[in-house]
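Participant: Enclosed is the structure file my_file.pdb (PDB, C-alpha atoms).
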```
ATOM      1  CA  MET T  43       0.000   0.000   0.000
ATOM      2  CA  GLU T  44       1.182   3.535  -0.663
ATOM      3  CA  CYS T  45       0.151   7.175  -0.916
ATOM      4  CA  ASN T  46       2.101   9.804  -2.897
ATOM      5  CA  GLY T  47       4.886   7.249  -3.260
ATOM      6  CA  CYS T  48       5.073   6.713   0.513
ATOM      7  CA  GLU T  49       5.107   3.020   1.384
ATOM      8  CA  PHE T  50       2.759   1.775   4.102
ATOM      9  CA  ARG T  51       2.865  -1.655   5.734
ATOM     10  CA  ALA T  52      -0.472  -2.681   7.157
ATOM     11  CA  GLU T  53       0.936  -5.224   9.614
ATOM     12  CA  LEU T  54       2.799  -2.558  11.614
ATOM     13  CA  TYR T  55       1.476  -0.142  14.256
ATOM     14  CA  TYR T  56       1.650   3.650  13.864
ATOM     15  CA  ASP T  57       1.308   6.817  15.973
ATOM     16  CA  ARG T  58      -1.356   9.368  15.010
ATOM     17  CA  GLU T  59       1.043  11.438  12.894
ATOM     18  CA  CYS T  60       2.574   8.313  11.360
ATOM     19  CA  GLN T  61       6.067   9.408  12.341
ATOM     20  CA  ILE T  62       7.055   6.025  13.712
ATOM     21  CA  TRP T  63       6.182   2.396  13.141
ATOM     22  CA  VAL T  64       6.145  -0.258  15.842
ATOM     23  CA  ARG T  65       6.378  -4.031  15.469
ATOM     24  CA  ARG T  66       5.480  -6.629  18.088
ATOM     25  CA  GLU T  67       8.263  -9.119  18.797
ATOM     26  CA  GLY T  68       7.920 -12.583  20.301
ATOM     27  CA  ASP T  69       9.946 -11.824  23.425
ATOM     28  CA  GLY T  70       7.733  -9.097  24.886
ATOM     29  CA  THR T  71       9.586  -6.229  23.258
ATOM     30  CA  LEU T  72       8.532  -3.767  20.560
ATOM     31  CA  THR T  73      10.673  -2.644  17.656
ATOM     32  CA  VAL T  74      10.549   1.041  16.694
ATOM     33  CA  GLY T  75      11.464   2.632  13.371
ATOM     34  CA  MET T  76      10.810   5.673  11.173
ATOM     35  CA  THR T  77       8.101   5.623   8.530
ATOM     36  CA  ASP T  78       8.709   6.383   4.882
ATOM     37  CA  ILE T  79       6.998   9.734   5.545
ATOM     38  CA  SER T  80       9.459  10.629   8.302
ATOM     39  CA  GLN T  81      12.594   9.633   6.426
ATOM     40  CA  SER T  82      11.434  11.643   3.409
ATOM     41  CA  ILE T  83      10.774  14.765   5.479
ATOM     42  CA  ALA T  84      14.145  14.452   7.191
ATOM     43  CA  GLY T  85      16.148  13.997   3.997
ATOM     44  CA  LYS T  86      19.498  12.262   4.110
ATOM     45  CA  ILE T  87      20.009  11.251   7.718
ATOM     46  CA  LEU T  88      23.496  11.910   9.028
ATOM     47  CA  HIS T  89      23.329  10.953  12.706
ATOM     48  CA  VAL T  90      21.173   8.792  14.915
ATOM     49  CA  ARG T  91      21.625   8.675  18.677
ATOM     50  CA  VAL T  92      19.645   6.292  20.825
ATOM     51  CA  ARG T  93      19.132   6.443  24.567
ATOM     52  CA  ARG T  94      21.442   3.997  26.262
ATOM     53  CA  PRO T  95      19.921   0.513  26.799
ATOM     54  CA  GLY T  96      18.375   0.249  30.238
ATOM     55  CA  THR T  97      17.140   3.866  30.160
ATOM     56  CA  ARG T  98      13.461   4.371  30.973
ATOM     57  CA  ARG T  99      11.596   6.636  28.580
ATOM     58  CA  PRO T 100       8.194   7.871  29.756
ATOM     59  CA  VAL T 101       5.490   8.941  27.322
ATOM     60  CA  GLY T 102       6.666  11.957  25.339
ATOM     61  CA  LYS T 103      10.368  11.419  25.998
ATOM     62  CA  PRO T 104      12.069  10.491  22.734
ATOM     63  CA  VAL T 105      13.679   7.123  22.154
ATOM     64  CA  ALA T 106      16.310   8.623  19.869
ATOM     65  CA  THR T 107      17.333  11.802  18.071
ATOM     66  CA  ILE T 108      17.783  12.184  14.350
ATOM     67  CA  GLU T 109      19.908  14.720  12.497
ATOM     68  CA  SER T 110      19.927  15.389   8.785
ATOM     69  CA  GLY T 111      21.233  18.367   6.877
ATOM     70  CA  LYS T 112      17.903  20.143   7.147
ATOM     71  CA  TRP T 113      16.029  18.506  10.005
ATOM     72  CA  ALA T 114      16.761  17.669  13.621
ATOM     73  CA  GLY T 115      14.362  16.205  16.086
ATOM     74  CA  PRO T 116      13.089  13.320  18.120
ATOM     75  CA  VAL T 117      11.997   9.807  17.375
ATOM     76  CA  PRO T 118       8.816  10.224  19.389
ATOM     77  CA  ASN T 119       7.646   7.873  22.063
ATOM     78  CA  VAL T 120       3.980   7.301  22.848
ATOM     79  CA  PHE T 121       4.223   4.704  25.633
ATOM     80  CA  ASP T 122       6.253   4.244  28.808
ATOM     81  CA  CYS T 123       9.171   1.939  28.005
ATOM     82  CA  VAL T 124      12.743   0.917  28.707
ATOM     83  CA  ILE T 125      15.328   0.851  25.919
ATOM     84  CA  ASP T 126      16.360  -2.737  25.333
ATOM     85  CA  LEU T 127      18.601  -2.517  22.295
ATOM     86  CA  ALA T 128      19.715  -0.173  19.527
ATOM     87  CA  ASN T 129      20.274  -1.207  15.937
ATOM     88  CA  GLU T 130      24.057  -0.951  15.623
ATOM     89  CA  ASP T 131      23.842  -1.142  11.829
ATOM     90  CA  VAL T 132      21.742   2.023  11.772
ATOM     91  CA  LEU T 133      23.934   3.780  14.321
ATOM     92  CA  GLU T 134      26.919   3.103  12.082
ATOM     93  CA  ASP T 135      25.133   3.888   8.809
ATOM     94  CA  PRO T 136      22.103   6.162   9.427
ATOM     95  CA  ASN T 137      21.446   6.413   5.679
ATOM     96  CA  LEU T 138      19.896   2.943   5.983
ATOM     97  CA  LEU T 139      16.843   4.721   7.362
ATOM     98  CA  ASN T 140      16.468   6.495   4.017
ATOM     99  CA  ILE T 141      17.089   3.381   1.949
ATOM    100  CA  GLU T 142      14.916   0.815   3.725
ATOM    101  CA  PRO T 143      12.895   2.497   6.498
ATOM    102  CA  TYR T 144      10.866  -0.603   7.341
ATOM    103  CA  GLU T 145      13.864  -2.921   7.613
ATOM    104  CA  ALA T 146      16.234  -0.475   9.285
ATOM    105  CA  TRP T 147      14.742  -0.379  12.756
ATOM    106  CA  ILE T 148      16.119   2.050  15.324
ATOM    107  CA  ALA T 149      15.519   0.589  18.762
ATOM    108  CA  ARG T 150      13.928  -2.302  20.536
ATOM    109  CA  VAL T 151      12.037  -1.293  23.677
ATOM    110  CA  ARG T 152      10.295  -3.078  26.518
ATOM    111  CA  PRO T 153       6.973  -1.508  27.568
ATOM    112  CA  VAL T 154       6.636  -0.873  31.292
ATOM    113  CA  ALA T 155       3.025  -2.034  31.088
ATOM    114  CA  SER T 156       2.151  -4.937  28.807
ATOM    115  CA  VAL T 157       2.721  -4.948  25.063
ATOM    116  CA  ASP T 158      -1.031  -4.934  24.546
ATOM    117  CA  VAL T 159      -1.447  -1.817  26.673
ATOM    118  CA  ALA T 160       1.334  -0.069  24.725
ATOM    119  CA  LEU T 161      -0.183  -0.988  21.371
ATOM    120  CA  GLU T 162      -3.600   0.339  22.412
ATOM    121  CA  LYS T 163      -2.202   3.828  21.812
ATOM    122  CA  LEU T 164      -1.304   3.015  18.208
ATOM    123  CA  SER T 165      -3.214   2.224  15.025
ATOM    124  CA  THR T 166      -2.768  -0.609  12.565
ATOM    125  CA  GLY T 167      -4.298  -1.971   9.375
ATOM    126  CA  ASP T 168      -6.930   0.036   7.510
ATOM    127  CA  ALA T 169      -7.377   2.553  10.328
ATOM    128  CA  ALA T 170      -3.665   3.316  10.289
ATOM    129  CA  PHE T 171      -3.598   3.606   6.520
ATOM    130  CA  GLU T 172      -6.334   6.227   6.680
ATOM    131  CA  LEU T 173      -4.203   8.269   9.112
ATOM    132  CA  TYR T 174      -1.180   7.734   6.871
ATOM    133  CA  ARG T 175      -3.072   8.781   3.745
ATOM    134  CA  GLN T 176      -4.502  11.867   5.456
ATOM    135  CA  ARG T 177      -1.041  12.949   6.620
ATOM    136  CA  CYS T 178       0.420  12.567   3.119
ATOM    137  CA  LEU T 179      -2.382  14.570   1.553
ATOM    138  CA  ARG T 180      -2.677  17.221   4.293
ATOM    139  CA  ASP T 181       1.038  18.028   4.263
ATOM    140  CA  ASP T 182       1.552  17.264   0.550
ATOM    141  CA  ILE T 183       4.256  14.736   1.373
ATOM    142  CA  HIS T 184       5.855  12.846  -1.514
ATOM    143  CA  CYS T 185       8.342  10.173  -0.564
ATOM    144  CA  GLU T 186      11.756   9.486  -2.001
ATOM    145  CA  ARG T 187      14.114   6.734  -0.955
ATOM    146  CA  GLY T 188      17.818   7.183  -0.375
ATOM    147  CA  MET T 189      20.432   5.483  -2.504
ATOM    148  CA  ARG T 190      23.396   3.423  -1.413
TER     149      ARG T 190
ATOM    150  CA  MET K 145      30.458   3.427  19.451
ATOM    151  CA  SER K 146      29.609   4.970  22.778
ATOM    152  CA  ASP K 147      28.927   8.360  21.197
ATOM    153  CA  HIS K 148      25.959   6.851  19.354
ATOM    154  CA  TYR K 149      24.215   6.594  22.701
ATOM    155  CA  LEU K 150      22.555   9.436  24.546
ATOM    156  CA  GLU K 151      23.334   9.571  28.235
ATOM    157  CA  ASP K 152      20.797  10.720  30.774
ATOM    158  CA  GLN K 153      21.979  14.186  31.798
ATOM    159  CA  GLY K 154      18.841  15.256  33.582
ATOM    160  CA  GLU K 155      16.504  17.856  32.241
ATOM    161  CA  LYS K 156      18.547  20.971  31.660
ATOM    162  CA  SER K 157      17.095  24.307  30.678
ATOM    163  CA  VAL K 158      18.500  26.185  27.695
ATOM    164  CA  VAL K 159      17.738  29.669  26.428
ATOM    165  CA  ILE K 160      18.764  30.646  22.923
ATOM    166  CA  VAL K 161      18.762  34.399  22.426
ATOM    167  CA  MET K 162      18.197  34.988  18.739
ATOM    168  CA  THR K 163      19.175  38.385  17.315
ATOM    169  CA  SER K 164      19.707  37.557  13.625
ATOM    170  CA  GLY K 165      17.031  38.413  11.108
ATOM    171  CA  PRO K 166      16.304  38.672   7.396
ATOM    172  CA  SER K 167      19.357  40.849   6.673
ATOM    173  CA  THR K 168      21.523  37.831   7.575
ATOM    174  CA  ALA K 169      19.266  35.021   6.409
ATOM    175  CA  HIS K 170      22.101  32.496   6.432
ATOM    176  CA  ARG K 171      22.189  32.844  10.242
ATOM    177  CA  CYS K 172      18.481  32.190  10.739
ATOM    178  CA  ALA K 173      18.068  28.409  10.465
ATOM    179  CA  THR K 174      20.675  26.999  12.842
ATOM    180  CA  PRO K 175      19.249  28.325  16.128
ATOM    181  CA  PHE K 176      15.919  26.610  15.454
ATOM    182  CA  TYR K 177      17.651  23.425  14.271
ATOM    183  CA  LEU K 178      19.776  23.344  17.403
ATOM    184  CA  GLY K 179      16.779  24.130  19.569
ATOM    185  CA  ALA K 180      14.885  21.178  18.085
ATOM    186  CA  LEU K 181      17.832  18.901  18.718
ATOM    187  CA  LEU K 182      18.317  20.048  22.312
ATOM    188  CA  SER K 183      14.621  19.675  23.014
ATOM    189  CA  SER K 184      14.624  16.137  21.668
ATOM    190  CA  MET K 185      17.471  15.432  24.107
ATOM    191  CA  ASP K 186      15.139  16.326  27.012
ATOM    192  CA  ALA K 187      16.304  19.923  27.456
ATOM    193  CA  GLU K 188      13.673  22.541  28.198
ATOM    194  CA  VAL K 189      14.389  25.010  25.412
ATOM    195  CA  LYS K 190      13.208  28.574  24.976
ATOM    196  CA  ILE K 191      14.181  30.694  21.986
ATOM    197  CA  PHE K 192      13.940  34.384  22.816
ATOM    198  CA  CYS K 193      13.769  36.550  19.693
ATOM    199  CA  THR K 194      14.979  40.102  20.111
ATOM    200  CA  MET K 195      16.565  42.820  17.944
ATOM    201  CA  GLU K 196      16.200  41.914  14.243
ATOM    202  CA  ALA K 197      15.013  38.372  15.048
ATOM    203  CA  VAL K 198      11.576  39.754  15.884
ATOM    204  CA  ARG K 199      11.119  40.225  12.135
ATOM    205  CA  LEU K 200      11.231  36.436  11.707
ATOM    206  CA  MET K 201       8.136  36.261  13.876
ATOM    207  CA  GLN K 202       6.179  38.761  11.783
ATOM    208  CA  VAL K 203       3.527  37.140   9.612
ATOM    209  CA  GLY K 204       4.817  36.616   6.061
ATOM    210  CA  VAL K 205       8.562  36.972   6.724
ATOM    211  CA  ALA K 206       9.842  33.497   7.688
ATOM    212  CA  GLU K 207       7.425  31.987   5.170
ATOM    213  CA  ASN K 208       9.409  33.675   2.392
ATOM    214  CA  LEU K 209      12.943  33.358   3.710
ATOM    215  CA  SER K 210      15.570  30.635   3.388
ATOM    216  CA  ALA K 211      19.047  30.395   4.846
ATOM    217  CA  MET K 212      20.401  29.421   1.425
ATOM    218  CA  ALA K 213      19.091  29.854  -2.092
ATOM    219  CA  GLY K 214      16.418  27.280  -2.822
ATOM    220  CA  GLY K 215      16.727  25.802   0.646
ATOM    221  CA  LYS K 216      14.193  24.929   3.295
ATOM    222  CA  ARG K 217      12.160  27.894   4.489
ATOM    223  CA  ILE K 218      12.870  29.412   7.900
ATOM    224  CA  ILE K 219       9.235  28.926   8.887
ATOM    225  CA  ASP K 220       9.737  25.178   8.491
ATOM    226  CA  PHE K 221      12.774  25.250  10.800
ATOM    227  CA  ILE K 222      10.642  27.196  13.294
ATOM    228  CA  ARG K 223       7.857  24.605  13.029
ATOM    229  CA  ASP K 224      10.311  21.738  13.469
ATOM    230  CA  ALA K 225      11.540  23.380  16.660
ATOM    231  CA  LYS K 226       7.988  23.835  17.899
ATOM    232  CA  ASN K 227       7.116  20.230  17.111
ATOM    233  CA  ALA K 228      10.132  19.124  19.131
ATOM    234  CA  GLY K 229       8.863  21.100  22.128
ATOM    235  CA  VAL K 230      10.690  24.433  21.893
ATOM    236  CA  GLU K 231       8.944  27.539  23.249
ATOM    237  CA  ILE K 232       9.311  30.771  21.293
ATOM    238  CA  HIS K 233       9.249  34.116  23.048
ATOM    239  CA  VAL K 234       9.314  37.511  21.354
ATOM    240  CA  CYS K 235      10.771  40.660  22.870
ATOM    241  CA  ARG K 236       8.021  43.245  23.221
ATOM    242  CA  PRO K 237      10.374  46.288  23.470
ATOM    243  CA  ALA K 238      11.971  45.309  20.136
ATOM    244  CA  LEU K 239       8.712  45.339  18.177
ATOM    245  CA  PRO K 240       8.208  49.121  17.730
ATOM    246  CA  GLY K 241      11.657  49.546  16.207
ATOM    247  CA  TYR K 242      10.586  47.287  13.354
ATOM    248  CA  GLU K 243       7.033  48.673  13.222
ATOM    249  CA  ILE K 244       5.566  45.305  14.141
ATOM    250  CA  GLU K 245       2.298  45.007  16.033
ATOM    251  CA  ALA K 246       1.999  42.257  18.634
ATOM    252  CA  ASP K 247      -1.135  40.989  16.903
ATOM    253  CA  ASN K 248       0.738  40.445  13.627
ATOM    254  CA  LEU K 249       2.983  37.622  14.818
ATOM    255  CA  ILE K 250       3.002  34.055  13.542
ATOM    256  CA  GLU K 251       0.993  31.522  15.507
ATOM    257  CA  GLU K 252       4.159  29.655  16.525
ATOM    258  CA  VAL K 253       4.954  32.413  19.057
ATOM    259  CA  ASP K 254       4.203  31.301  22.616
ATOM    260  CA  ALA K 255       4.634  34.593  24.401
ATOM    261  CA  VAL K 256       5.407  38.265  23.917
ATOM    262  CA  ALA K 257       7.743  39.034  26.774
ATOM    263  CA  SER K 258       9.472  41.941  28.450
ATOM    264  CA  ALA K 259      13.180  42.577  28.794
ATOM    265  CA  GLY K 260      12.720  41.736  32.451
ATOM    266  CA  ASP K 261      11.416  38.304  31.481
ATOM    267  CA  LEU K 262      14.594  37.744  29.464
ATOM    268  CA  ALA K 263      16.702  38.938  32.383
ATOM    269  CA  ASP K 264      14.961  36.438  34.659
ATOM    270  CA  LEU K 265      15.626  33.653  32.161
ATOM    271  CA  ILE K 266      19.290  34.590  31.852
ATOM    272  CA  LEU K 267      19.737  34.447  35.606
ATOM    273  CA  SER K 268      17.930  31.141  36.079
ATOM    274  CA  VAL K 269      18.794  29.016  33.067
ATOM    275  CA  ASP K 270      21.389  26.229  32.924
ATOM    276  CA  ARG K 271      22.769  27.135  29.487
ATOM    277  CA  LEU K 272      22.560  30.389  27.522
ATOM    278  CA  LEU K 273      23.379  30.753  23.823
ATOM    279  CA  PHE K 274      23.396  33.854  21.647
ATOM    280  CA  PHE K 275      22.932  33.840  17.866
TER     281      PHE K 275
END
```
Take the structure in the file and write it out as structure tokens.

Facilitator:
Amino acid sequence: MECNGCEFRAELYYDRECQIWVRREGDGTLTVGMTDISQSIAGKILHVRVRRPGTRRPVGKPVATIESGKWAGPVPNVFDCVIDLANEDVLEDPNLLNIEPYEAWIARVRPVASVDVALEKLSTGDAAFELYRQRCLRDDIHCERGMR
Amino acid sequence: MSDHYLEDQGEKSVVIVMTSGPSTAHRCATPFYLGALLSSMDAEVKIFCTMEAVRLMQVGVAENLSAMAGGKRIIDFIRDAKNAGVEIHVCRPALPGYEIEADNLIEEVDAVASAGDLADLILSVDRLLFF
């Protein structure tokens, strides 16, 4: 699925602004990454810094920061969690986020409450695609992928 | 690889005093970029616009200004900073010098403040930057 060239994956979970995607893992953790929308807005990403594993991040406190030539800001966080792991490949080569945003995850986190409680704050499937589509159209976002 | 990780440094407060304006457009993006970054690192960030920087807060100015030819508009840097949690304050005493009315400021402005408010911030903040 896509809108304005922005890829959407229905099996993932998304925040209301579709800035991040979240995937449920089998070990009670959640994987967090940037959507195609977010990587396109940021442009070529130069630096990613993740909170050190073991750090608790309450709602609203970012999991990571992103820097590109024209954009700096947070990887937002919508549920109380503890950082479990960072993707070392992305830390070493942040451009992966521009090339394959749904494979190049940023961090794996462990919700303080249950996974189900954390995911209640997110949308998935058709409902998420409607949010995604509205964001693309409202902000006239057209996605482009980075090159190796 | 330790520098890829953000350490918990507590929640520091930062004030960025912005004095640059449209006459030096190339100086107008970085303070908002840095403010967005600091805010996303848990700092409580206020950008205080005084002197020529008040012109960036006038409706219609930042929307038509870029730091480099063909580059991202200053208003978009301002909005990025706001989205990251930065507060923007505008110096009331500086407005008359640029013939700007307080009701003709962009909606991203959080407060129109006095010089005394800035003085209080300077004396209480953890980090102070001037641009």

Participant: Can you spell out as a PyMOL selection string the set of residues that the PyMOL selection byres ((chain T) within 12 of (chain K)) selects in the structure I just provided?

Facilitator: chain T and resi 59+61+83-85+88-100+102-119+125+127-136+148-149

Participant: Could you tell me how far atom CA of Glu67 of chain T lies from atom CA of Asp168 of chain T, in Å and to one decimal?

Facilitator: 21.0 Å

Participant: Using all atoms listed in the file, find the one residue out of K:Val256, K:Pro240, K:Val230, K:Ile222 that sits nearest to Glu196 of chain K.

Facilitator: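 Answer, going by the shortest atom-to-atom distance: K:Pro240.
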
Participant: Go through T:Ala170, T:Leu164, T:Asp158, T:Cys123 and flag the residue nearest Arg51 of chain T, using all atoms listed in the file for the distances.

Facilitator: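 When distances to Arg51 of chain T are compared using all atoms listed in the file, the smallest one comes from T:Ala170.
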
Participant: Residues within 7 Å of Lys156 of chain K, please, as a list in words. Count all atoms listed in the file; anything in the same chain fewer than 6 positions from it doesn't count.

Facilitator: Ala187, Glu188 and Asp270 of chain K

Participant: Centre and edge lengths, as JSON, for the axis-aligned box enclosing every listed atom of segment 221-226 of chain K with 5 Å of padding on each of the six sides, in Å to one decimal?

Facilitator:
```
{"center_x": 10.3, "center_y": 24.5, "center_z": 14.3, "size_x": 14.9, "size_y": 15.5, "size_z": 17.1}
```

Participant: How would you write, as a ChimeraX atom specification, the residues chosen by the PyMOL selection byres ((chain T and resi 75) around 10) on this structure?

Facilitator: /T:56,61-65,73-74,76-78,80-81,117,129,139,143-150

Participant: Could you tell me which of K:Ala263, K:Leu209, K:Leu273, K:Val253 comes closest to His233 of chain K if we count all atoms listed in the file?

Facilitator: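 Distance minimum relative to His233 of chain K lands on K:Val253.
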
Participant: So how many Å separate atom CA of Ser157 of chain K and atom CA of Val269 of chain K, to one decimal?

Facilitator: 5.5 Å

Participant: If I take atom CA of Tyr174 of chain T and atom CA of Val151 of chain T, how far is one from the other in Å, to one decimal?

Facilitator: 23.2 Å

Participant: Care to translate the PyMOL selection byres ((chain T and resi 187) around 7) into actual residues of this file, as a PyMOL selection string?

Facilitator: chain T and resi 140-141+185-186+188-189

Participant: Taking C-alpha atoms for each residue, export the selection above as a tab-separated table (two decimals), keeping the file's coordinate frame.

Facilitator:
```tsv
chain	number	residue	atom	x	y	z
T	140	ASN	CA	16.47	6.50	4.02
T	141	ILE	CA	17.09	3.38	1.95
T	185	CYS	CA	8.34	10.17	-0.56
T	186	GLU	CA	11.76	9.49	-2.00
T	188	GLY	CA	17.82	7.18	-0.38
T	189	MET	CA	20.43	5.48	-2.50
```

Participant: Taking into account all atoms listed in the file, which residue in the set K:Leu272, K:Leu262, K:Met212, K:Met162 is nearest to Leu200 of chain K?

Facilitator: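 Among the listed residues, the smallest separation from Leu200 of chain K belongs to K:Met162.
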
Participant: Using only C-alpha atoms, which of K:Leu265, K:Gln153, K:Gly165, K:Phe275 sits nearest Tyr242 of chain K?

Facilitator: K:Gly165

Participant: Taking all atoms listed in the file into account, which of T:Ile87, T:Leu54, T:Ile79, T:Leu72 comes nearest Asn137 of chain T?

Facilitator: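 Closest candidate: T:Ile87.
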
Participant: Here's a test: counting only C-alpha atoms, identify every protein, DNA and RNA residue with an atom at most 9 Å from (-0.9, 3.0, 7.1) in the file's coordinate frame, and state them as a list in words.

Facilitator: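 Protein, DNA and RNA residues close to (-0.9, 3.0, 7.1): Met43, Glu44, Glu49, Phe50, Arg51, Ala52, Glu53, Leu54, Tyr55, Tyr56, Cys60, Ser165, Thr166, Gly167, Asp168, Ala169, Ala170, Phe171, Glu172, Leu173, Tyr174 and Arg175 of chain T.
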
Participant: Could you give me, as a CSV table (one decimal) with C-alpha atoms, in the frame of the given file, the residues within 10 Å of Leu239 of chain K, counting only C-alpha atoms and dropping anything in the same chain fewer than 3 positions from it?

Facilitator:
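That gives us result.csv:
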```
chain,number,residue,atom,x,y,z
K,194,THR,CA,15.0,40.1,20.1
K,195,MET,CA,16.6,42.8,17.9
K,196,GLU,CA,16.2,41.9,14.2
K,197,ALA,CA,15.0,38.4,15.0
K,198,VAL,CA,11.6,39.8,15.9
K,199,ARG,CA,11.1,40.2,12.1
K,202,GLN,CA,6.2,38.8,11.8
K,234,VAL,CA,9.3,37.5,21.4
K,235,CYS,CA,10.8,40.7,22.9
K,236,ARG,CA,8.0,43.2,23.2
K,242,TYR,CA,10.6,47.3,13.4
K,243,GLU,CA,7.0,48.7,13.2
K,244,ILE,CA,5.6,45.3,14.1
K,245,GLU,CA,2.3,45.0,16.0
K,246,ALA,CA,2.0,42.3,18.6
K,256,VAL,CA,5.4,38.3,23.9
```
